[in-house]
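Undergrad: Shown below is the structure under consideration.
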Amino acid sequence: MNAFAFTPEQTAYAASVRKIAAEQLVDLAAAGAEGAVNRPLLKAMGSHGLLARLFPGVESGQPTRQAAATDLCLLREALATQSTEAETALALQGLGSYPVLQSGLDEQVQRWLPAVAAGDAVAAFALTEPDAGSDAAALRLAAEPDGAGWRLTGTKMWISNAPEADFYTVFARTTPDAGSRGVSAFVVPGDRAGLSGEHLDLVSPHPIGTVVFDGVRVNRDELLGEENRGFAVAMRTLDLFRPSVGAFAVGMAQAALDATVEYTASREAFGGPLIKQQTVAHTLAEMATRTEAGRLLVYAAAAAYDAGEQNLAGRAAMAKLFATETAQYVVDQAVQLHGARALRRGHLLEHLYREVRAPRIYEGASEIQRTIIARSLQPRG
């Protein structure tokens, strides 16, 4: 892939995803209960092959163990232009499942990923805790030895798809006081004894909640990768998904830009369409330029990931940082140019205004992305 242009096949695929979303997924998203996992929506995405696209080879029983970052970004951007609910549902399936794909035993992969690809199983990525968000290495969820396995005790918070997920990728401390070197990853079925949780309400409703582990038993064959190497599992996952958060943001920015161009071209004021006013035209130009710059950063980072380049953390962080900050700017300017009508409940921009805020926080806040970028610039030695 050329990092600065899509192939005809990629362009056609993105267009097909937008068409599926507009014609089928939007209505399913609207019919779902606010803030709850929308299983009919997931099933529809599974039936159209959108979820399987996240896991190459899973449908044939021969997974490649390597997701394609560019495909993930294409999916997330295309869906976000039509339905942020569908986009988020797909992204959460990928985030919760990718650690199983990259580090799980063959039996774990076969148990969970075909069901995820079909839209029959709901996945969750359980890393954040009440006192361990940006500093993920400070997590405290205890994994205490118990025979041939462990028992998990503690709480996870701000976990997407909780408490309704069918399985959780859980990061727990197997070695006390060892920082990132004492964390292990596990795949834990959602119906395991001692596992509970509750829903959390957000400004923009999503299926998100807390997960409480009360001596939850996990077996040796539910370990993902090596013991005490789970932090690397989490970071590899985030290196893949951070650029795709940028793709989500670019999709929202594009939707806001398109709506604003259409509105300002038809809205008459001061003797002509608003778009002819220089201040409006220049604002639209700035919105379009920043959106395209964000897109280029996102797909350059994705192409680097797919090419197997090393030390990608800085590029992934740049993509997420710039694209999410840009989307906030673009949506805000779109609201400004629409005026009060954009603040009415149910307006596209009212929806995007609430949706666009969270990506600047989750999977590493903007401040954390700047720290990652700065570290990537330091000489190695």
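Letters for chains follow the order of the structure tokens (A, B, ...), residue numbers begin at 1 for each chain, and ligand numbers begin at 1 in the order shown.
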Using DSSP secondary structure from the backbone, list all strand (DSSP E) positions within segment 142-349 of chain A, as number ranges by chain.

TA: A: 142-146, 149-160, 167-173, 183-189, 195-199, 208-218, 223-224, 268-269, 272-273

Undergrad: Need the shell around Leu72 of chain A: protein/DNA/RNA residues with any atom at most 8 Å away, counting only C-alpha atoms. Skip same-chain ones fewer than 5 positions apart. Format as a PyMOL selection string?

TA: chain A and resi 53-54+67+244

Undergrad: Would you kindly return, as JSON, numbers by chain, each protein, DNA or RNA residue with an atom no farther than 12 Å from any atom of Gln277 of chain A, considering only C-alpha atoms and excluding same-chain residues fewer than 6 positions away?

TA: {"A": [264, 265, 267, 268, 269, 270, 271, 283, 284, 337]}

Undergrad: As a list in words, please: the residues near Thr70 of chain A (cut-off 10 Å, only C-alpha atoms, same-chain neighbours under 4 positions excluded).

TA: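 Close residues of Thr70 of chain A: Met1, Ala3, Phe6, Gln10, Leu74, Leu75, Arg76, Leu240, Pro243, Ser244, Ala247, Val298, Tyr299, Ala300, Ala301, Ala302, Ala303, Ala304, Tyr305 and Asp306 of chain A.
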
Undergrad: List every residue of segment 194-368 of chain A that DSSP, applied to the backbone, labels as alpha helix (DSSP H), and write the result as an NGL selection string.

TA: :A and (230-266 or 278-306 or 313-338 or 348-355 or 366-368)

Undergrad: Could the residues in this selection be saved with C-alpha atoms as an mmCIF file, in the first residue's frame?

TA:
```
data_model
loop_
_atom_site.group_PDB
_atom_site.id
_atom_site.type_symbol
_atom_site.label_atom_id
_atom_site.label_comp_id
_atom_site.auth_asym_id
_atom_site.auth_seq_id
_atom_site.Cartn_x
_atom_site.Cartn_y
_atom_site.Cartn_z
ATOM 1 C CA GLY A 230 1.075 -9.579 29.809
ATOM 2 C CA PHE A 231 1.940 -5.895 29.678
ATOM 3 C CA ALA A 232 3.591 -6.486 26.298
ATOM 4 C CA VAL A 233 0.361 -8.143 25.126
ATOM 5 C CA ALA A 234 -1.548 -4.999 26.099
ATOM 6 C CA MET A 235 0.939 -2.633 24.463
ATOM 7 C CA ARG A 236 1.016 -4.580 21.187
ATOM 8 C CA THR A 237 -2.757 -4.375 21.126
ATOM 9 C CA LEU A 238 -2.712 -0.631 21.716
ATOM 10 C CA ASP A 239 -0.043 -0.106 19.032
ATOM 11 C CA LEU A 240 -2.527 -1.618 16.585
ATOM 12 C CA PHE A 241 -5.636 0.112 17.873
ATOM 13 C CA ARG A 242 -4.345 3.631 18.551
ATOM 14 C CA PRO A 243 -4.102 4.566 14.853
ATOM 15 C CA SER A 244 -7.569 3.092 14.371
ATOM 16 C CA VAL A 245 -8.950 5.362 17.102
ATOM 17 C CA GLY A 246 -7.610 8.093 14.846
ATOM 18 C CA ALA A 247 -9.536 6.538 11.952
ATOM 19 C CA PHE A 248 -12.723 6.678 14.036
ATOM 20 C CA ALA A 249 -12.012 10.346 14.717
ATOM 21 C CA VAL A 250 -11.355 11.057 11.030
ATOM 22 C CA GLY A 251 -14.676 9.436 10.154
ATOM 23 C CA MET A 252 -16.519 11.659 12.618
ATOM 24 C CA ALA A 253 -14.676 14.742 11.341
ATOM 25 C CA GLN A 254 -15.561 13.854 7.750
ATOM 26 C CA ALA A 255 -19.224 13.395 8.651
ATOM 27 C CA ALA A 256 -19.257 16.793 10.374
ATOM 28 C CA LEU A 257 -17.454 18.455 7.462
ATOM 29 C CA ASP A 258 -19.801 16.960 4.858
ATOM 30 C CA ALA A 259 -22.870 18.045 6.801
ATOM 31 C CA THR A 260 -21.493 21.563 7.184
ATOM 32 C CA VAL A 261 -20.598 21.988 3.525
ATOM 33 C CA GLU A 262 -24.119 20.894 2.586
ATOM 34 C CA TYR A 263 -25.747 23.188 5.134
ATOM 35 C CA THR A 264 -23.697 26.300 4.410
ATOM 36 C CA ALA A 265 -24.213 25.860 0.662
ATOM 37 C CA SER A 266 -27.991 25.892 1.102
ATOM 38 C CA GLN A 278 -15.130 34.430 3.487
ATOM 39 C CA THR A 279 -14.987 33.609 7.184
ATOM 40 C CA VAL A 280 -17.193 30.556 6.617
ATOM 41 C CA ALA A 281 -15.242 29.434 3.554
ATOM 42 C CA HIS A 282 -11.921 29.756 5.380
ATOM 43 C CA THR A 283 -13.242 27.810 8.352
ATOM 44 C CA LEU A 284 -14.376 25.015 6.033
ATOM 45 C CA ALA A 285 -10.958 25.046 4.364
ATOM 46 C CA GLU A 286 -9.268 24.659 7.743
ATOM 47 C CA MET A 287 -11.637 21.847 8.732
ATOM 48 C CA ALA A 288 -10.963 19.989 5.478
ATOM 49 C CA THR A 289 -7.181 20.440 5.670
ATOM 50 C CA ARG A 290 -6.918 19.201 9.241
ATOM 51 C CA THR A 291 -9.168 16.229 8.485
ATOM 52 C CA GLU A 292 -7.032 15.188 5.532
ATOM 53 C CA ALA A 293 -3.821 15.628 7.548
ATOM 54 C CA GLY A 294 -5.249 13.417 10.277
ATOM 55 C CA ARG A 295 -6.215 10.812 7.681
ATOM 56 C CA LEU A 296 -2.695 10.755 6.250
ATOM 57 C CA LEU A 297 -1.124 10.277 9.690
ATOM 58 C CA VAL A 298 -3.540 7.464 10.485
ATOM 59 C CA TYR A 299 -2.957 5.489 7.300
ATOM 60 C CA ALA A 300 0.795 6.095 7.319
ATOM 61 C CA ALA A 301 0.938 4.567 10.804
ATOM 62 C CA ALA A 302 -1.299 1.686 9.712
ATOM 63 C CA ALA A 303 0.849 1.009 6.643
ATOM 64 C CA ALA A 304 3.976 0.980 8.797
ATOM 65 C CA TYR A 305 2.344 -1.534 11.136
ATOM 66 C CA ASP A 306 1.314 -3.790 8.241
ATOM 67 C CA ALA A 313 4.629 3.463 19.348
ATOM 68 C CA GLY A 314 5.562 7.026 18.389
ATOM 69 C CA ARG A 315 3.829 6.879 15.007
ATOM 70 C CA ALA A 316 0.712 5.294 16.493
ATOM 71 C CA ALA A 317 0.631 8.006 19.153
ATOM 72 C CA MET A 318 1.002 10.786 16.564
ATOM 73 C CA ALA A 319 -1.911 9.396 14.582
ATOM 74 C CA LYS A 320 -4.201 9.114 17.589
ATOM 75 C CA LEU A 321 -3.200 12.484 19.037
ATOM 76 C CA PHE A 322 -3.586 14.545 15.893
ATOM 77 C CA ALA A 323 -6.700 12.860 14.552
ATOM 78 C CA THR A 324 -8.667 12.984 17.803
ATOM 79 C CA GLU A 325 -7.717 16.589 18.540
ATOM 80 C CA THR A 326 -8.607 17.476 14.950
ATOM 81 C CA ALA A 327 -12.003 15.785 15.192
ATOM 82 C CA GLN A 328 -12.797 17.803 18.324
ATOM 83 C CA TYR A 329 -11.942 21.012 16.442
ATOM 84 C CA VAL A 330 -13.871 20.070 13.298
ATOM 85 C CA VAL A 331 -17.026 19.017 15.129
ATOM 86 C CA ASP A 332 -16.916 22.147 17.291
ATOM 87 C CA GLN A 333 -16.583 24.386 14.237
ATOM 88 C CA ALA A 334 -19.383 22.485 12.513
ATOM 89 C CA VAL A 335 -21.667 23.189 15.465
ATOM 90 C CA GLN A 336 -20.672 26.855 15.367
ATOM 91 C CA LEU A 337 -21.486 27.188 11.680
ATOM 92 C CA HIS A 338 -24.825 25.432 12.070
ATOM 93 C CA LEU A 348 -26.239 14.722 13.810
ATOM 94 C CA LEU A 349 -23.870 17.319 15.224
ATOM 95 C CA GLU A 350 -25.388 17.158 18.716
ATOM 96 C CA HIS A 351 -24.645 13.427 18.567
ATOM 97 C CA LEU A 352 -21.109 13.896 17.232
ATOM 98 C CA TYR A 353 -20.406 16.652 19.761
ATOM 99 C CA ARG A 354 -20.979 14.162 22.570
ATOM 100 C CA GLU A 355 -19.265 11.265 20.780
ATOM 101 C CA SER A 366 -3.668 13.120 24.503
ATOM 102 C CA GLU A 367 -1.161 14.006 27.208
ATOM 103 C CA ILE A 368 0.050 10.389 27.300
#
```

Undergrad: Set the distance at 8 Å and use only C-alpha atoms: which residues neighbour segment 167-174 of chain A once local chain neighbours fewer than 4 positions away are removed? I'd like the list as a compact mmCIF listing (two decimals) with N, CA and C atoms, in the first residue's frame.

TA:
```
# COMPACT_ATOMS: atom_id res chain seq x y z
N GLY A 96 -11.09 -6.33 22.29
CA GLY A 96 -11.16 -7.41 23.26
C GLY A 96 -10.63 -8.72 22.76
N SER A 97 -10.64 -8.92 21.44
CA SER A 97 -10.27 -10.20 20.85
C SER A 97 -8.83 -10.27 20.36
N PRO A 99 -5.89 -9.62 21.61
CA PRO A 99 -4.90 -10.32 22.44
C PRO A 99 -5.00 -11.84 22.34
N VAL A 100 -6.22 -12.34 22.13
CA VAL A 100 -6.39 -13.78 21.95
C VAL A 100 -5.78 -14.21 20.63
N ALA A 121 -20.47 -13.77 19.88
CA ALA A 121 -19.80 -13.61 21.17
C ALA A 121 -19.31 -12.17 21.30
N VAL A 122 -19.46 -11.62 22.50
CA VAL A 122 -19.07 -10.24 22.79
C VAL A 122 -17.78 -10.24 23.59
N ALA A 123 -16.80 -9.46 23.14
CA ALA A 123 -15.48 -9.42 23.77
C ALA A 123 -15.28 -8.13 24.54
N ALA A 124 -14.38 -8.15 25.51
CA ALA A 124 -14.04 -6.95 26.28
C ALA A 124 -12.55 -6.97 26.62
N PHE A 125 -11.97 -5.77 26.67
CA PHE A 125 -10.55 -5.56 26.98
C PHE A 125 -10.50 -4.93 28.37
N ALA A 126 -10.06 -5.69 29.36
CA ALA A 126 -10.13 -5.25 30.76
C ALA A 126 -8.74 -4.92 31.28
N LEU A 127 -8.34 -3.66 31.07
CA LEU A 127 -7.03 -3.18 31.53
C LEU A 127 -7.18 -2.13 32.62
N LEU A 139 -1.45 -1.24 37.69
CA LEU A 139 -2.66 -1.99 38.00
C LEU A 139 -2.45 -2.92 39.19
N ARG A 140 -3.56 -3.17 39.91
CA ARG A 140 -3.49 -3.93 41.17
C ARG A 140 -4.32 -5.21 41.19
N LEU A 141 -5.15 -5.43 40.20
CA LEU A 141 -5.95 -6.65 40.21
C LEU A 141 -5.03 -7.83 40.45
N ALA A 142 -5.26 -8.55 41.56
CA ALA A 142 -4.33 -9.59 41.99
C ALA A 142 -4.66 -10.93 41.36
N ALA A 143 -3.63 -11.59 40.84
CA ALA A 143 -3.73 -12.97 40.38
C ALA A 143 -2.90 -13.81 41.34
N GLU A 144 -3.57 -14.43 42.29
CA GLU A 144 -2.87 -15.19 43.34
C GLU A 144 -2.83 -16.66 42.97
N LEU A 152 -8.38 -14.44 40.70
CA LEU A 152 -8.34 -13.01 40.45
C LEU A 152 -9.21 -12.28 41.47
N GLY A 182 5.42 -7.51 36.04
CA GLY A 182 4.71 -8.47 36.88
C GLY A 182 3.26 -8.63 36.50
N VAL A 183 2.91 -8.35 35.25
CA VAL A 183 1.53 -8.41 34.79
C VAL A 183 1.36 -9.57 33.82
N SER A 184 0.26 -10.30 33.97
CA SER A 184 -0.06 -11.38 33.05
C SER A 184 -1.44 -11.14 32.44
N ALA A 185 -1.65 -11.71 31.27
CA ALA A 185 -2.93 -11.57 30.57
C ALA A 185 -3.67 -12.91 30.57
N PHE A 186 -4.98 -12.84 30.73
CA PHE A 186 -5.82 -14.03 30.76
C PHE A 186 -7.06 -13.80 29.90
N VAL A 187 -7.63 -14.89 29.41
CA VAL A 187 -8.95 -14.82 28.78
C VAL A 187 -9.92 -15.49 29.74
N VAL A 188 -10.93 -14.72 30.18
CA VAL A 188 -11.83 -15.15 31.24
C VAL A 188 -13.27 -15.15 30.73
N PRO A 189 -13.95 -16.30 30.75
CA PRO A 189 -15.37 -16.32 30.33
C PRO A 189 -16.22 -15.43 31.21
N GLY A 190 -17.20 -14.78 30.61
CA GLY A 190 -18.02 -13.82 31.33
C GLY A 190 -18.93 -14.45 32.36
N GLU A 227 3.61 -15.97 31.37
CA GLU A 227 3.37 -15.38 32.69
C GLU A 227 4.31 -14.19 32.89
N ASN A 228 3.77 -13.13 33.46
CA ASN A 228 4.51 -11.88 33.73
C ASN A 228 4.91 -11.12 32.47
N GLY A 230 2.35 -10.05 30.30
CA GLY A 230 1.08 -9.58 29.81
C GLY A 230 1.06 -8.11 29.43
N PHE A 231 1.93 -7.31 30.02
CA PHE A 231 1.94 -5.89 29.68
C PHE A 231 2.32 -5.71 28.21
N ALA A 234 -0.71 -6.19 26.11
CA ALA A 234 -1.55 -5.00 26.10
C ALA A 234 -0.97 -3.93 25.18
```

Undergrad: Given the choices A:Val17, A:Ile361, A:Ala86, A:Val116, which gets closest to Ala30 of chain A if the distance is worked out from only C-alpha atoms?

TA: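 Of all the options, A:Ala86 lies closest to Ala30 of chain A.
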
Undergrad: Taking a cut-off of 12 Å and counting only C-alpha atoms, can you build a table that, for each residue of segment 70-126 of chain A near segment 37-46 of chain A, reports the nearest atom pair and how far apart they are in Å (one decimal), sorted by chain then residue number, as JSON lines?

TA:
```
{"residue": "A:Leu75", "atom": "CA", "partner": "A:Met45", "partner_atom": "CA", "distance": 11.1}
{"residue": "A:Leu79", "atom": "CA", "partner": "A:Met45", "partner_atom": "CA", "distance": 10.7}
{"residue": "A:Ser83", "atom": "CA", "partner": "A:Leu41", "partner_atom": "CA", "distance": 11.1}
{"residue": "A:Glu85", "atom": "CA", "partner": "A:Asn38", "partner_atom": "CA", "distance": 9.0}
{"residue": "A:Ala86", "atom": "CA", "partner": "A:Leu41", "partner_atom": "CA", "distance": 7.1}
{"residue": "A:Glu87", "atom": "CA", "partner": "A:Met45", "partner_atom": "CA", "distance": 10.1}
{"residue": "A:Thr88", "atom": "CA", "partner": "A:Val37", "partner_atom": "CA", "distance": 10.5}
{"residue": "A:Ala89", "atom": "CA", "partner": "A:Leu42", "partner_atom": "CA", "distance": 6.9}
{"residue": "A:Leu90", "atom": "CA", "partner": "A:Leu42", "partner_atom": "CA", "distance": 7.5}
{"residue": "A:Ala91", "atom": "CA", "partner": "A:Leu42", "partner_atom": "CA", "distance": 11.0}
{"residue": "A:Leu92", "atom": "CA", "partner": "A:Val37", "partner_atom": "CA", "distance": 10.4}
{"residue": "A:Gln93", "atom": "CA", "partner": "A:Leu42", "partner_atom": "CA", "distance": 8.9}
{"residue": "A:Gly94", "atom": "CA", "partner": "A:Leu42", "partner_atom": "CA", "distance": 11.9}
{"residue": "A:Leu113", "atom": "CA", "partner": "A:Gly46", "partner_atom": "CA", "distance": 11.6}
{"residue": "A:Pro114", "atom": "CA", "partner": "A:Gly46", "partner_atom": "CA", "distance": 9.9}
{"residue": "A:Ala115", "atom": "CA", "partner": "A:Gly46", "partner_atom": "CA", "distance": 9.1}
{"residue": "A:Val116", "atom": "CA", "partner": "A:Gly46", "partner_atom": "CA", "distance": 8.0}
{"residue": "A:Ala117", "atom": "CA", "partner": "A:Gly46", "partner_atom": "CA", "distance": 5.7}
{"residue": "A:Ala118", "atom": "CA", "partner": "A:Gly46", "partner_atom": "CA", "distance": 4.3}
{"residue": "A:Gly119", "atom": "CA", "partner": "A:Lys43", "partner_atom": "CA", "distance": 4.2}
{"residue": "A:Asp120", "atom": "CA", "partner": "A:Lys43", "partner_atom": "CA", "distance": 6.4}
{"residue": "A:Ala121", "atom": "CA", "partner": "A:Arg39", "partner_atom": "CA", "distance": 8.7}
{"residue": "A:Val122", "atom": "CA", "partner": "A:Arg39", "partner_atom": "CA", "distance": 8.2}
{"residue": "A:Ala123", "atom": "CA", "partner": "A:Val37", "partner_atom": "CA", "distance": 10.5}
{"residue": "A:Ala124", "atom": "CA", "partner": "A:Val37", "partner_atom": "CA", "distance": 11.1}
```

Undergrad: Save out the residues we just selected, N, CA, C and O atoms, as a tab-separated table (two decimals), in the first residue's frame.

TA:
```tsv
chain	number	residue	atom	x	y	z
A	75	LEU	N	-12.26	0.16	7.97
A	75	LEU	CA	-13.54	-0.19	8.56
A	75	LEU	C	-14.03	0.89	9.52
A	75	LEU	O	-15.18	1.33	9.47
A	79	LEU	N	-17.33	3.23	8.80
A	79	LEU	CA	-18.49	3.09	9.69
A	79	LEU	C	-18.79	4.38	10.44
A	79	LEU	O	-19.95	4.76	10.62
A	83	SER	N	-22.44	5.67	11.22
A	83	SER	CA	-23.00	5.26	12.50
A	83	SER	C	-21.89	5.06	13.52
A	83	SER	O	-21.13	4.09	13.43
A	85	GLU	N	-22.31	4.23	16.51
A	85	GLU	CA	-22.64	3.05	17.32
A	85	GLU	C	-22.10	1.78	16.67
A	85	GLU	O	-21.51	0.92	17.35
A	86	ALA	N	-22.29	1.65	15.36
A	86	ALA	CA	-21.77	0.48	14.65
A	86	ALA	C	-20.24	0.47	14.68
A	86	ALA	O	-19.61	-0.59	14.88
A	87	GLU	N	-19.65	1.63	14.49
A	87	GLU	CA	-18.19	1.73	14.54
A	87	GLU	C	-17.66	1.26	15.89
A	87	GLU	O	-16.72	0.47	15.97
A	88	THR	N	-18.26	1.75	16.96
A	88	THR	CA	-17.78	1.41	18.29
A	88	THR	C	-17.98	-0.07	18.59
A	88	THR	O	-17.11	-0.72	19.18
A	89	ALA	N	-19.11	-0.62	18.17
A	89	ALA	CA	-19.37	-2.05	18.39
A	89	ALA	C	-18.29	-2.90	17.72
A	89	ALA	O	-17.77	-3.86	18.30
A	90	LEU	N	-17.94	-2.55	16.49
A	90	LEU	CA	-16.89	-3.30	15.78
A	90	LEU	C	-15.54	-3.13	16.47
A	90	LEU	O	-14.81	-4.11	16.68
A	91	ALA	N	-15.20	-1.91	16.83
A	91	ALA	CA	-13.90	-1.64	17.44
A	91	ALA	C	-13.73	-2.40	18.75
A	91	ALA	O	-12.65	-2.94	19.03
A	92	LEU	N	-14.78	-2.46	19.54
A	92	LEU	CA	-14.68	-3.14	20.84
A	92	LEU	C	-14.52	-4.65	20.66
A	92	LEU	O	-13.84	-5.30	21.46
A	93	GLN	N	-15.15	-5.20	19.63
A	93	GLN	CA	-14.95	-6.62	19.34
A	93	GLN	C	-13.48	-6.89	19.01
A	93	GLN	O	-12.89	-7.88	19.46
A	94	GLY	N	-12.89	-5.99	18.23
A	94	GLY	CA	-11.49	-6.16	17.87
A	94	GLY	C	-10.56	-5.98	19.05
A	94	GLY	O	-9.63	-6.77	19.26
A	113	LEU	N	-12.74	-16.79	18.70
A	113	LEU	CA	-12.72	-15.85	17.57
A	113	LEU	C	-13.72	-16.15	16.47
A	113	LEU	O	-14.28	-15.20	15.90
A	114	PRO	N	-13.99	-17.39	16.10
A	114	PRO	CA	-15.06	-17.59	15.11
A	114	PRO	C	-16.41	-17.05	15.60
A	114	PRO	O	-17.18	-16.50	14.79
A	115	ALA	N	-16.68	-17.19	16.90
A	115	ALA	CA	-17.94	-16.66	17.44
A	115	ALA	C	-17.95	-15.13	17.42
A	115	ALA	O	-18.99	-14.52	17.16
A	116	VAL	N	-16.81	-14.52	17.69
A	116	VAL	CA	-16.73	-13.06	17.61
A	116	VAL	C	-16.93	-12.60	16.17
A	116	VAL	O	-17.68	-11.66	15.90
A	117	ALA	N	-16.28	-13.28	15.23
A	117	ALA	CA	-16.39	-12.91	13.82
A	117	ALA	C	-17.82	-13.05	13.30
A	117	ALA	O	-18.25	-12.28	12.44
A	118	ALA	N	-18.56	-14.00	13.85
A	118	ALA	CA	-19.95	-14.21	13.44
A	118	ALA	C	-20.92	-13.27	14.13
A	118	ALA	O	-22.09	-13.21	13.78
A	119	GLY	N	-20.43	-12.53	15.13
A	119	GLY	CA	-21.30	-11.65	15.90
A	119	GLY	C	-22.07	-12.37	16.99
A	119	GLY	O	-23.06	-11.85	17.52
A	120	ASP	N	-21.60	-13.58	17.37
A	120	ASP	CA	-22.29	-14.38	18.37
A	120	ASP	C	-21.69	-14.25	19.77
A	120	ASP	O	-22.33	-14.65	20.75
A	121	ALA	N	-20.47	-13.77	19.88
A	121	ALA	CA	-19.80	-13.61	21.17
A	121	ALA	C	-19.31	-12.17	21.30
A	121	ALA	O	-18.80	-11.59	20.35
A	122	VAL	N	-19.46	-11.62	22.50
A	122	VAL	CA	-19.07	-10.24	22.79
A	122	VAL	C	-17.78	-10.24	23.59
A	122	VAL	O	-17.68	-10.94	24.62
A	123	ALA	N	-16.80	-9.46	23.14
A	123	ALA	CA	-15.48	-9.42	23.77
A	123	ALA	C	-15.28	-8.13	24.54
A	123	ALA	O	-15.91	-7.11	24.25
A	124	ALA	N	-14.38	-8.15	25.51
A	124	ALA	CA	-14.04	-6.95	26.28
A	124	ALA	C	-12.55	-6.97	26.62
A	124	ALA	O	-11.96	-8.02	26.85
```

Undergrad: To one decimal place in Å, what is the distance between atom CA of His48 of chain A and atom CA of Gln102 of chain A?

TA: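 One can read the atom CA of His48 of chain A to atom CA of Gln102 of chain A distance as 23.9 Å.
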
Undergrad: When you draw a straight line from atom CA of Gln369 of chain A to atom CA of Ser180 of chain A, how long is it in Å?

TA: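 Computing the Euclidean distance for atom CA of Gln369 of chain A and atom CA of Ser180 of chain A yields 18.2 Å.
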
Undergrad: My list of candidates is A:Gly364, A:Gly154, A:Pro163, A:Gly308. Which is closest to Val216 of chain A when distances are computed with only C-alpha atoms?

TA: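 Looking only at the distances to Val216 of chain A, the closest residue turns out to be A:Gly154.
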
Undergrad: Could you jot down the atom CA of Leu50 of chain A to atom CA of Ala36 of chain A separation for me, Å, one decimal place?

TA: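 Interatomic distance, atom CA of Leu50 of chain A to atom CA of Ala36 of chain A: 20.5 Å.
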
Undergrad: Identify which of the residues A:Asp135, A:Asp106, A:Glu77, A:Glu34 lies closest to Ser204 of chain A, counting only C-alpha atoms when measuring atom-to-atom distances.

TA: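 Going through A:Asp135, A:Asp106, A:Glu77, A:Glu34 one by one, the smallest distance to Ser204 of chain A is for A:Glu34.
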
Undergrad: Select, from A:Arg370, A:Arg229, A:Arg220, A:Arg375, the residue with the minimum atom-to-atom distance to Thr175 of chain A, counting only C-alpha atoms.

TA: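 Of A:Arg370, A:Arg229, A:Arg220, A:Arg375, the one nearest Thr175 of chain A is A:Arg229, counting only C-alpha atoms.
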
Undergrad: Give me the residues near Thr155 of chain A as number ranges by chain, where near means some atom within 7 Å (using only C-alpha atoms) and where sequence neighbours in that chain fewer than 3 positions away do not count.

TA: A: 129, 141, 211-213
